[in-house]
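Structure file work_5.pdb (PDB, C-alpha atoms) is printed below.
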```
MODEL        1
ATOM      1  CA  PHE A  28      18.259  22.998  11.976  1.00  0.00           C
ATOM      2  CA  TYR A  29      19.822  23.093  15.411  1.00  0.00           C
ATOM      3  CA  ALA A  30      22.601  20.877  16.689  1.00  0.00           C
ATOM      4  CA  GLY A  31      21.399  18.745  19.557  1.00  0.00           C
ATOM      5  CA  ARG A  32      19.262  16.647  17.230  1.00  0.00           C
ATOM      6  CA  ASP A  33      20.194  13.467  15.393  1.00  0.00           C
ATOM      7  CA  GLU A  34      18.455  14.502  12.178  1.00  0.00           C
ATOM      8  CA  TYR A  35      16.632  17.421  10.629  1.00  0.00           C
ATOM      9  CA  GLY A  36      13.434  18.042  12.585  1.00  0.00           C
ATOM     10  CA  GLY A  37      14.143  15.153  14.957  1.00  0.00           C
ATOM     11  CA  PRO A  38      13.708  15.176  18.716  1.00  0.00           C
ATOM     12  CA  ILE A  39      16.135  17.233  20.756  1.00  0.00           C
ATOM     13  CA  THR A  40      19.103  15.248  22.057  1.00  0.00           C
ATOM     14  CA  GLU A  41      22.617  16.290  23.036  1.00  0.00           C
ATOM     15  CA  ASN A  42      24.377  14.152  20.432  1.00  0.00           C
ATOM     16  CA  ASN A  43      25.547  16.918  18.091  1.00  0.00           C
ATOM     17  CA  ALA A  44      25.674  19.805  20.558  1.00  0.00           C
ATOM     18  CA  VAL A  45      28.795  21.337  22.060  1.00  0.00           C
ATOM     19  CA  ILE A  46      27.999  21.618  25.741  1.00  0.00           C
ATOM     20  CA  TYR A  47      29.924  23.465  28.410  1.00  0.00           C
ATOM     21  CA  GLU A  48      28.943  22.354  31.900  1.00  0.00           C
ATOM     22  CA  TYR A  49      28.866  24.919  34.689  1.00  0.00           C
ATOM     23  CA  ASP A  50      32.027  24.070  36.616  1.00  0.00           C
ATOM     24  CA  PRO A  51      33.616  26.855  38.706  1.00  0.00           C
ATOM     25  CA  ALA A  52      36.331  24.489  39.968  1.00  0.00           C
ATOM     26  CA  LEU A  53      37.383  23.695  36.390  1.00  0.00           C
ATOM     27  CA  ALA A  54      37.284  27.408  35.509  1.00  0.00           C
ATOM     28  CA  SER A  55      39.619  28.140  38.428  1.00  0.00           C
ATOM     29  CA  LEU A  56      42.026  25.408  37.328  1.00  0.00           C
ATOM     30  CA  MET A  57      42.024  26.694  33.739  1.00  0.00           C
ATOM     31  CA  LEU A  58      42.751  30.240  34.934  1.00  0.00           C
ATOM     32  CA  ASP A  59      45.565  28.898  37.135  1.00  0.00           C
ATOM     33  CA  ASP A  60      47.012  27.019  34.140  1.00  0.00           C
ATOM     34  CA  LEU A  61      46.996  30.279  32.160  1.00  0.00           C
ATOM     35  CA  GLY A  62      48.938  31.994  34.946  1.00  0.00           C
ATOM     36  CA  VAL A  63      45.960  34.165  35.874  1.00  0.00           C
ATOM     37  CA  VAL A  64      46.393  33.966  39.652  1.00  0.00           C
ATOM     38  CA  ASP A  65      46.202  36.333  42.615  1.00  0.00           C
ATOM     39  CA  GLN A  66      49.788  37.551  42.804  1.00  0.00           C
ATOM     40  CA  ASP A  67      49.381  40.394  45.285  1.00  0.00           C
ATOM     41  CA  GLY A  68      47.032  38.812  47.835  1.00  0.00           C
ATOM     42  CA  ASP A  69      44.138  41.237  47.246  1.00  0.00           C
ATOM     43  CA  GLY A  70      41.692  38.407  46.462  1.00  0.00           C
ATOM     44  CA  TRP A  71      41.534  39.098  42.714  1.00  0.00           C
ATOM     45  CA  ARG A  72      43.385  37.298  39.955  1.00  0.00           C
ATOM     46  CA  ASP A  73      46.096  39.171  38.109  1.00  0.00           C
ATOM     47  CA  LEU A  74      47.472  38.796  34.605  1.00  0.00           C
ATOM     48  CA  PRO A  75      50.682  36.737  34.255  1.00  0.00           C
ATOM     49  CA  SER A  76      52.575  40.050  33.992  1.00  0.00           C
ATOM     50  CA  GLY A  77      51.349  40.945  37.489  1.00  0.00           C
ATOM     51  CA  ALA A  78      49.014  43.669  36.226  1.00  0.00           C
ATOM     52  CA  PRO A  79      45.561  43.654  37.831  1.00  0.00           C
ATOM     53  CA  LEU A  80      42.829  42.011  35.799  1.00  0.00           C
ATOM     54  CA  THR A  81      39.485  43.789  35.925  1.00  0.00           C
ATOM     55  CA  ILE A  82      36.617  42.872  33.632  1.00  0.00           C
ATOM     56  CA  GLU A  83      34.081  45.559  32.717  1.00  0.00           C
ATOM     57  CA  MET A  84      30.605  44.274  31.940  1.00  0.00           C
ATOM     58  CA  ASN A  85      27.871  46.548  30.615  1.00  0.00           C
ATOM     59  CA  THR A  86      24.280  46.372  29.478  1.00  0.00           C
ATOM     60  CA  ASN A  87      21.468  48.843  29.060  1.00  0.00           C
ATOM     61  CA  ASP A  88      18.484  49.260  31.379  1.00  0.00           C
ATOM     62  CA  ASN A  89      16.728  45.962  30.620  1.00  0.00           C
ATOM     63  CA  THR A  90      15.489  43.998  33.620  1.00  0.00           C
ATOM     64  CA  VAL A  91      16.316  40.543  32.247  1.00  0.00           C
ATOM     65  CA  ARG A  92      19.787  41.479  30.986  1.00  0.00           C
ATOM     66  CA  VAL A  93      20.605  43.265  34.240  1.00  0.00           C
ATOM     67  CA  ALA A  94      19.632  40.111  36.149  1.00  0.00           C
ATOM     68  CA  TYR A  95      21.838  37.960  33.895  1.00  0.00           C
ATOM     69  CA  CYS A  96      24.759  40.351  34.389  1.00  0.00           C
ATOM     70  CA  LEU A  97      24.405  40.255  38.165  1.00  0.00           C
ATOM     71  CA  ILE A  98      24.466  36.442  38.110  1.00  0.00           C
ATOM     72  CA  MET A  99      27.508  36.446  35.827  1.00  0.00           C
ATOM     73  CA  GLN A 100      29.279  39.020  37.991  1.00  0.00           C
ATOM     74  CA  ASP A 101      28.772  36.770  41.026  1.00  0.00           C
ATOM     75  CA  ASP A 102      30.087  33.771  39.071  1.00  0.00           C
ATOM     76  CA  PHE A 103      33.189  35.672  37.907  1.00  0.00           C
ATOM     77  CA  ARG A 104      33.887  36.908  41.418  1.00  0.00           C
ATOM     78  CA  ALA A 105      33.464  33.398  42.831  1.00  0.00           C
ATOM     79  CA  VAL A 106      36.517  32.274  40.826  1.00  0.00           C
ATOM     80  CA  GLY A 107      38.525  35.372  41.751  1.00  0.00           C
ATOM     81  CA  LEU A 108      37.875  37.530  38.691  1.00  0.00           C
ATOM     82  CA  ASN A 109      37.265  41.175  39.526  1.00  0.00           C
ATOM     83  CA  CYS A 110      34.212  42.058  37.454  1.00  0.00           C
ATOM     84  CA  ASN A 111      32.636  45.500  37.522  1.00  0.00           C
ATOM     85  CA  PHE A 112      29.088  45.683  36.208  1.00  0.00           C
ATOM     86  CA  GLN A 113      27.406  48.884  35.146  1.00  0.00           C
ATOM     87  CA  VAL A 114      24.130  49.748  33.428  1.00  0.00           C
ATOM     88  CA  ILE A 115      24.783  52.325  30.716  1.00  0.00           C
ATOM     89  CA  ASP A 116      22.834  54.169  28.037  1.00  0.00           C
ATOM     90  CA  PHE A 117      21.887  51.998  25.042  1.00  0.00           C
ATOM     91  CA  ASN A 118      23.640  54.248  22.506  1.00  0.00           C
ATOM     92  CA  THR A 119      26.829  54.167  24.584  1.00  0.00           C
ATOM     93  CA  LEU A 120      26.556  50.386  24.752  1.00  0.00           C
ATOM     94  CA  VAL A 121      26.191  50.092  20.981  1.00  0.00           C
ATOM     95  CA  GLY A 122      29.144  52.471  20.596  1.00  0.00           C
ATOM     96  CA  GLN A 123      31.223  50.100  22.716  1.00  0.00           C
ATOM     97  CA  LEU A 124      30.112  47.190  20.564  1.00  0.00           C
ATOM     98  CA  PHE A 125      30.969  48.788  17.226  1.00  0.00           C
ATOM     99  CA  GLY A 126      34.099  50.432  18.611  1.00  0.00           C
ATOM    100  CA  SER A 127      35.327  47.175  20.179  1.00  0.00           C
ATOM    101  CA  THR A 128      35.920  49.033  23.429  1.00  0.00           C
ATOM    102  CA  GLY A 129      33.909  46.880  25.855  1.00  0.00           C
ATOM    103  CA  ASP A 130      35.100  43.782  27.678  1.00  0.00           C
ATOM    104  CA  ILE A 131      31.683  42.132  28.045  1.00  0.00           C
ATOM    105  CA  ILE A 132      28.628  43.650  26.425  1.00  0.00           C
ATOM    106  CA  MET A 133      25.245  42.109  27.137  1.00  0.00           C
ATOM    107  CA  LEU A 134      22.774  42.724  24.333  1.00  0.00           C
ATOM    108  CA  GLY A 135      19.815  40.912  22.888  1.00  0.00           C
ATOM    109  CA  LEU A 136      19.910  39.547  19.351  1.00  0.00           C
ATOM    110  CA  THR A 137      16.927  38.263  17.456  1.00  0.00           C
ATOM    111  CA  GLY A 138      16.772  35.910  14.534  1.00  0.00           C
ATOM    112  CA  GLY A 139      14.743  33.188  12.960  1.00  0.00           C
ATOM    113  CA  ASP A 140      14.618  29.427  12.720  1.00  0.00           C
ATOM    114  CA  GLU A 141      16.907  29.327   9.684  1.00  0.00           C
ATOM    115  CA  PRO A 142      20.565  29.805  10.686  1.00  0.00           C
ATOM    116  CA  ASN A 143      21.250  32.216   7.818  1.00  0.00           C
ATOM    117  CA  SER A 144      18.946  34.718   9.512  1.00  0.00           C
ATOM    118  CA  GLY A 145      21.975  35.382  11.727  1.00  0.00           C
ATOM    119  CA  LYS A 146      24.508  35.657   8.919  1.00  0.00           C
ATOM    120  CA  ASN A 147      25.108  39.311   9.813  1.00  0.00           C
ATOM    121  CA  VAL A 148      26.408  38.056  13.173  1.00  0.00           C
ATOM    122  CA  TYR A 149      28.287  34.892  12.250  1.00  0.00           C
ATOM    123  CA  SER A 150      29.858  35.436   8.836  1.00  0.00           C
ATOM    124  CA  SER A 151      33.344  36.885   8.925  1.00  0.00           C
ATOM    125  CA  CYS A 152      32.196  40.101   7.225  1.00  0.00           C
ATOM    126  CA  GLY A 153      28.875  40.349   9.070  1.00  0.00           C
ATOM    127  CA  SER A 154      28.011  43.797  10.392  1.00  0.00           C
ATOM    128  CA  LEU A 155      27.519  42.321  13.895  1.00  0.00           C
ATOM    129  CA  HIS A 156      30.562  40.029  13.894  1.00  0.00           C
ATOM    130  CA  ALA A 157      31.507  42.087  16.942  1.00  0.00           C
ATOM    131  CA  TYR A 158      33.729  39.565  18.659  1.00  0.00           C
ATOM    132  CA  ARG A 159      36.312  39.905  15.870  1.00  0.00           C
ATOM    133  CA  TYR A 160      35.631  42.579  13.269  1.00  0.00           C
ATOM    134  CA  SER A 161      39.087  41.937  11.794  1.00  0.00           C
ATOM    135  CA  ALA A 162      37.837  38.551  10.549  1.00  0.00           C
ATOM    136  CA  CYS A 163      36.569  40.256   7.394  1.00  0.00           C
ATOM    137  CA  ASP A 164      40.078  41.322   6.396  1.00  0.00           C
ATOM    138  CA  ASP A 165      41.971  38.515   8.110  1.00  0.00           C
ATOM    139  CA  PRO A 166      39.745  35.425   8.399  1.00  0.00           C
ATOM    140  CA  ASN A 167      41.144  32.316  10.046  1.00  0.00           C
ATOM    141  CA  GLU A 168      40.299  28.749   8.993  1.00  0.00           C
ATOM    142  CA  VAL A 169      37.259  28.594  11.271  1.00  0.00           C
ATOM    143  CA  ASP A 170      35.895  31.903   9.927  1.00  0.00           C
ATOM    144  CA  LEU A 171      36.291  30.692   6.347  1.00  0.00           C
ATOM    145  CA  ARG A 172      34.622  27.361   7.096  1.00  0.00           C
ATOM    146  CA  ILE A 173      31.687  29.042   8.869  1.00  0.00           C
ATOM    147  CA  ASP A 174      31.204  31.330   5.859  1.00  0.00           C
ATOM    148  CA  GLU A 175      31.303  28.306   3.558  1.00  0.00           C
ATOM    149  CA  LEU A 176      28.843  26.303   5.670  1.00  0.00           C
ATOM    150  CA  LEU A 177      26.355  29.180   5.809  1.00  0.00           C
ATOM    151  CA  ASP A 178      26.526  29.512   2.024  1.00  0.00           C
ATOM    152  CA  LEU A 179      26.174  25.757   1.496  1.00  0.00           C
ATOM    153  CA  GLY A 180      23.191  25.540   3.844  1.00  0.00           C
ATOM    154  CA  ALA A 181      21.437  28.399   2.072  1.00  0.00           C
ATOM    155  CA  SER A 182      22.083  27.005  -1.392  1.00  0.00           C
ATOM    156  CA  THR A 183      20.486  23.569  -1.056  1.00  0.00           C
ATOM    157  CA  PHE A 184      16.842  22.556  -1.111  1.00  0.00           C
ATOM    158  CA  ASP A 185      17.669  19.260   0.643  1.00  0.00           C
ATOM    159  CA  LEU A 186      16.809  19.925   4.293  1.00  0.00           C
ATOM    160  CA  ASP A 187      18.826  16.933   5.547  1.00  0.00           C
ATOM    161  CA  GLU A 188      21.898  18.205   3.678  1.00  0.00           C
ATOM    162  CA  ALA A 189      21.357  21.716   5.027  1.00  0.00           C
ATOM    163  CA  PHE A 190      21.002  20.264   8.528  1.00  0.00           C
ATOM    164  CA  ASP A 191      24.425  18.601   8.259  1.00  0.00           C
ATOM    165  CA  TYR A 192      26.028  21.903   7.185  1.00  0.00           C
ATOM    166  CA  TYR A 193      24.336  23.817   9.978  1.00  0.00           C
ATOM    167  CA  VAL A 194      25.313  21.275  12.654  1.00  0.00           C
ATOM    168  CA  GLU A 195      28.977  21.653  11.728  1.00  0.00           C
ATOM    169  CA  TYR A 196      28.598  25.454  11.612  1.00  0.00           C
ATOM    170  CA  GLN A 197      27.071  25.477  15.103  1.00  0.00           C
ATOM    171  CA  GLN A 198      29.763  23.203  16.492  1.00  0.00           C
ATOM    172  CA  LEU A 199      32.505  25.462  15.129  1.00  0.00           C
ATOM    173  CA  LEU A 200      30.740  28.549  16.424  1.00  0.00           C
ATOM    174  CA  ALA A 201      30.297  27.031  19.887  1.00  0.00           C
ATOM    175  CA  ARG A 202      33.975  26.115  20.105  1.00  0.00           C
ATOM    176  CA  GLN A 203      35.018  29.594  18.946  1.00  0.00           C
ATOM    177  CA  LEU A 204      33.087  31.206  21.847  1.00  0.00           C
ATOM    178  CA  GLY A 205      32.700  34.603  20.213  1.00  0.00           C
ATOM    179  CA  TYR A 206      29.329  34.908  21.896  1.00  0.00           C
ATOM    180  CA  ILE A 207      27.953  33.313  25.031  1.00  0.00           C
ATOM    181  CA  TYR A 208      24.260  32.626  24.613  1.00  0.00           C
ATOM    182  CA  LEU A 209      21.641  33.047  27.283  1.00  0.00           C
ATOM    183  CA  CYS A 210      17.978  32.380  26.652  1.00  0.00           C
ATOM    184  CA  GLN A 211      14.977  34.527  27.344  1.00  0.00           C
ATOM    185  CA  GLY A 212      11.520  33.126  26.844  1.00  0.00           C
ATOM    186  CA  THR A 213       8.982  34.867  24.666  1.00  0.00           C
ATOM    187  CA  PHE A 214       6.086  36.228  26.658  1.00  0.00           C
TER     188      PHE A 214
ENDMDL
END
```
Give the structure from the file, written as structure tokens.
Amino acid sequence: FYAGRDEYGGPITENNAVIYEYDPALASLMLDDLGVVDQDGDGWRDLPSGAPLTIEMNTNDNTVRVAYCLIMQDDFRAVGLNCNFQVIDFNTLVGQLFGSTGDIIMLGLTGGDEPNSGKNVYSSCGSLHAYRYSACDDPNEVDLRIDELLDLGASTFDLDEAFDYYVEYQQLLARQLGYIYLCQGTF
């Protein structure tokens, strides 16, 4: 059912996928355009108001996630973003997630092959819709369309029809950037 194929069950291509290339130079230009520049000469970008911008990134003690965070911290710093990374207790991390108090929280999510197995994450009222809990009470057009597409995909027995719904859902989700996905192989 995943975008990046031309048809249900077909070979993997990039035709339907939303792809963001790794491009630090473009990231720097986009930050500049937003007015997020180093205003005080300390080497770190500041908010347009002049206030320092510091990103807090946390994960629990998981070797793979810690490694990802260290790579991301280096990438943020390379474009002038002051990013502090810290390993914290899992319960504290989950508290940040549900309390919407963390800047970047690295966690692992599991799911299945059928996109509705992640409905608790992607639907506007999903219990893990952590990137915008307010979507349940105040959904925008994208939230409403994602909810509709998940329902449509789950309510048809025609796999090609479901595939079309799920491709659109994935494209909207990828453009919304509520989550940034990293992959870990199964061992």
For A:Asp101, the nearest of the candidates A:Pro51, A:Tyr196, A:Pro38, A:Gly153, counting all atoms listed in the file: A:Pro51
Which residues match the PyMOL selection byres ((chain A and resi 162-179) around 6) in the file above, as an MDAnalysis selection string? chainID A and resid 150:152 159:161 180:182 192 196
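Taking atom CA of A:Tyr47 and atom CA of A:Tyr149 as the two end points, the separation is 19.9 Å.
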Output the residue selection produced by the PyMOL selection byres ((chain A and resi 62) around 9) on the file above, formatted as a list in words. Met57, Leu58, Asp59, Asp60, Leu61, Val63, Val64, Asp73, Leu74, Pro75 and Ser76 of chain A
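With all atoms listed in the file as the atoms that count, the residue of A:Met84, A:Ala157, A:Ala94, A:Ile207 with the shortest distance to A:Cys110 is A:Met84.
Nearest to A:Ala44 of all the residues A:Ala30, A:Ala201, A:Tyr208, A:Ser154 is A:Ala30, counting only C-alpha atoms.
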Show which residues sit within 12 Å of A:Ala105, as a ChimeraX atom specification. Count all atoms listed in the file, and ignore same-chain residues fewer than 6 positions away. /A:50-52,54-55,70-72,98-99
Export of the given selection (C-alpha atoms) as a short mmCIF file (atom, residue, chain, number, x, y, z; two decimals), in the coordinates of the input:
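Heads up, here's the output in result-v9.cif:
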```
data_model
loop_
_atom_site.label_atom_id
_atom_site.label_comp_id
_atom_site.auth_asym_id
_atom_site.auth_seq_id
_atom_site.Cartn_x
_atom_site.Cartn_y
_atom_site.Cartn_z
CA ASP A 50 32.03 24.07 36.62
CA PRO A 51 33.62 26.86 38.71
CA ALA A 52 36.33 24.49 39.97
CA ALA A 54 37.28 27.41 35.51
CA SER A 55 39.62 28.14 38.43
CA GLY A 70 41.69 38.41 46.46
CA TRP A 71 41.53 39.10 42.71
CA ARG A 72 43.38 37.30 39.96
CA ILE A 98 24.47 36.44 38.11
CA MET A 99 27.51 36.45 35.83
#
```
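Restricting the calculation to only C-alpha atoms, the smallest distance between A:Leu204 and any of A:Arg104, A:Tyr158, A:Asp67, A:Glu188 is found for A:Tyr158.
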Hey, which of A:Glu83, A:Asp191, A:Asp102, A:Asp116 ends up closest to A:Asp33? Count all atoms listed in the file. A:Asp191
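Here the question is which of A:Ala78, A:Leu200, A:Leu120, A:Leu186 gets nearest to A:Glu141 using all atoms listed in the file, and that residue is A:Leu186.
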Output the residue selection produced by the PyMOL selection byres ((chain A and resi 31) around 8) on the file above, formatted as a PyMOL selection string. chain A and resi 29-30+32-33+39-44
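Within the 7 Å cut-off around A:Val114, using all atoms listed in the file and omitting residues fewer than 3 positions from it on the same chain, the listed residues are Asn85, Thr86, Asn87 and Asp88 of chain A.
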Now that the selection is made, can you save its residues with C-alpha atoms as a PDB file, in the frame of the given file?
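Written file, out-v6.pdb:
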```pdb
ATOM      1  CA  ASN A  85      27.871  46.548  30.615  1.00  0.00           C
ATOM      2  CA  THR A  86      24.280  46.372  29.478  1.00  0.00           C
ATOM      3  CA  ASN A  87      21.468  48.843  29.060  1.00  0.00           C
ATOM      4  CA  ASP A  88      18.484  49.260  31.379  1.00  0.00           C
TER       5      ASP A  88
END
```
The distance between atom CA of A:Gln198 and atom CA of A:Leu155 is 19.4 Å
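Taking atom CA of A:Leu108 and atom CA of A:Glu48 as the two end points, the separation is 18.9 Å.
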Since the input is missing atoms, can you rebuild N, CA, C and O atoms for stretch 118-133 of chain A and write them as an mmCIF file, in the coordinates of the input?
```cif
data_model
loop_
_atom_site.group_PDB
_atom_site.id
_atom_site.type_symbol
_atom_site.label_atom_id
_atom_site.label_comp_id
_atom_site.auth_asym_id
_atom_site.auth_seq_id
_atom_site.Cartn_x
_atom_site.Cartn_y
_atom_site.Cartn_z
ATOM 1 N N ASN A 118 22.780 53.745 23.580
ATOM 2 C CA ASN A 118 23.640 54.248 22.506
ATOM 3 C C ASN A 118 25.115 54.131 22.869
ATOM 4 O O ASN A 118 25.947 53.836 22.009
ATOM 5 N N THR A 119 25.446 54.346 24.123
ATOM 6 C CA THR A 119 26.829 54.167 24.584
ATOM 7 C C THR A 119 27.229 52.709 24.470
ATOM 8 O O THR A 119 28.346 52.376 24.056
ATOM 9 N N LEU A 120 26.309 51.823 24.833
ATOM 10 C CA LEU A 120 26.556 50.386 24.752
ATOM 11 C C LEU A 120 26.829 49.956 23.308
ATOM 12 O O LEU A 120 27.791 49.232 23.029
ATOM 13 N N VAL A 121 26.001 50.416 22.397
ATOM 14 C CA VAL A 121 26.191 50.092 20.981
ATOM 15 C C VAL A 121 27.509 50.686 20.474
ATOM 16 O O VAL A 121 28.227 50.061 19.692
ATOM 17 N N GLY A 122 27.856 51.868 20.951
ATOM 18 C CA GLY A 122 29.144 52.471 20.596
ATOM 19 C C GLY A 122 30.309 51.608 21.048
ATOM 20 O O GLY A 122 31.299 51.454 20.325
ATOM 21 N N GLN A 123 30.189 51.026 22.241
ATOM 22 C CA GLN A 123 31.223 50.100 22.716
ATOM 23 C C GLN A 123 31.308 48.882 21.805
ATOM 24 O O GLN A 123 32.397 48.416 21.465
ATOM 25 N N LEU A 124 30.154 48.371 21.417
ATOM 26 C CA LEU A 124 30.112 47.190 20.564
ATOM 27 C C LEU A 124 30.813 47.450 19.236
ATOM 28 O O LEU A 124 31.724 46.721 18.838
ATOM 29 N N PHE A 125 30.400 48.509 18.550
ATOM 30 C CA PHE A 125 30.969 48.788 17.226
ATOM 31 C C PHE A 125 32.380 49.362 17.300
ATOM 32 O O PHE A 125 33.128 49.283 16.335
ATOM 33 N N GLY A 126 32.744 49.915 18.448
ATOM 34 C CA GLY A 126 34.099 50.432 18.611
ATOM 35 C C GLY A 126 35.049 49.422 19.227
ATOM 36 O O GLY A 126 36.226 49.719 19.426
ATOM 37 N N SER A 127 34.536 48.230 19.537
ATOM 38 C CA SER A 127 35.327 47.175 20.179
ATOM 39 C C SER A 127 36.028 47.689 21.424
ATOM 40 O O SER A 127 37.194 47.392 21.664
ATOM 41 N N THR A 128 35.315 48.463 22.229
ATOM 42 C CA THR A 128 35.920 49.033 23.429
ATOM 43 C C THR A 128 35.396 48.408 24.715
ATOM 44 O O THR A 128 35.877 48.750 25.791
ATOM 45 N N GLY A 129 34.438 47.501 24.650
ATOM 46 C CA GLY A 129 33.909 46.880 25.855
ATOM 47 C C GLY A 129 34.536 45.522 26.085
ATOM 48 O O GLY A 129 34.946 44.845 25.157
ATOM 49 N N ASP A 130 34.620 45.131 27.361
ATOM 50 C CA ASP A 130 35.100 43.782 27.678
ATOM 51 C C ASP A 130 33.969 42.775 27.467
ATOM 52 O O ASP A 130 34.100 41.841 26.694
ATOM 53 N N ILE A 131 32.860 42.988 28.199
ATOM 54 C CA ILE A 131 31.683 42.132 28.045
ATOM 55 C C ILE A 131 30.488 43.045 27.853
ATOM 56 O O ILE A 131 30.219 43.917 28.683
ATOM 57 N N ILE A 132 29.794 42.844 26.764
ATOM 58 C CA ILE A 132 28.628 43.650 26.425
ATOM 59 C C ILE A 132 27.439 42.707 26.328
ATOM 60 O O ILE A 132 27.453 41.766 25.532
ATOM 61 N N MET A 133 26.444 42.950 27.146
ATOM 62 C CA MET A 133 25.245 42.109 27.137
ATOM 63 C C MET A 133 24.170 42.813 26.327
ATOM 64 O O MET A 133 23.716 43.902 26.685
#
```
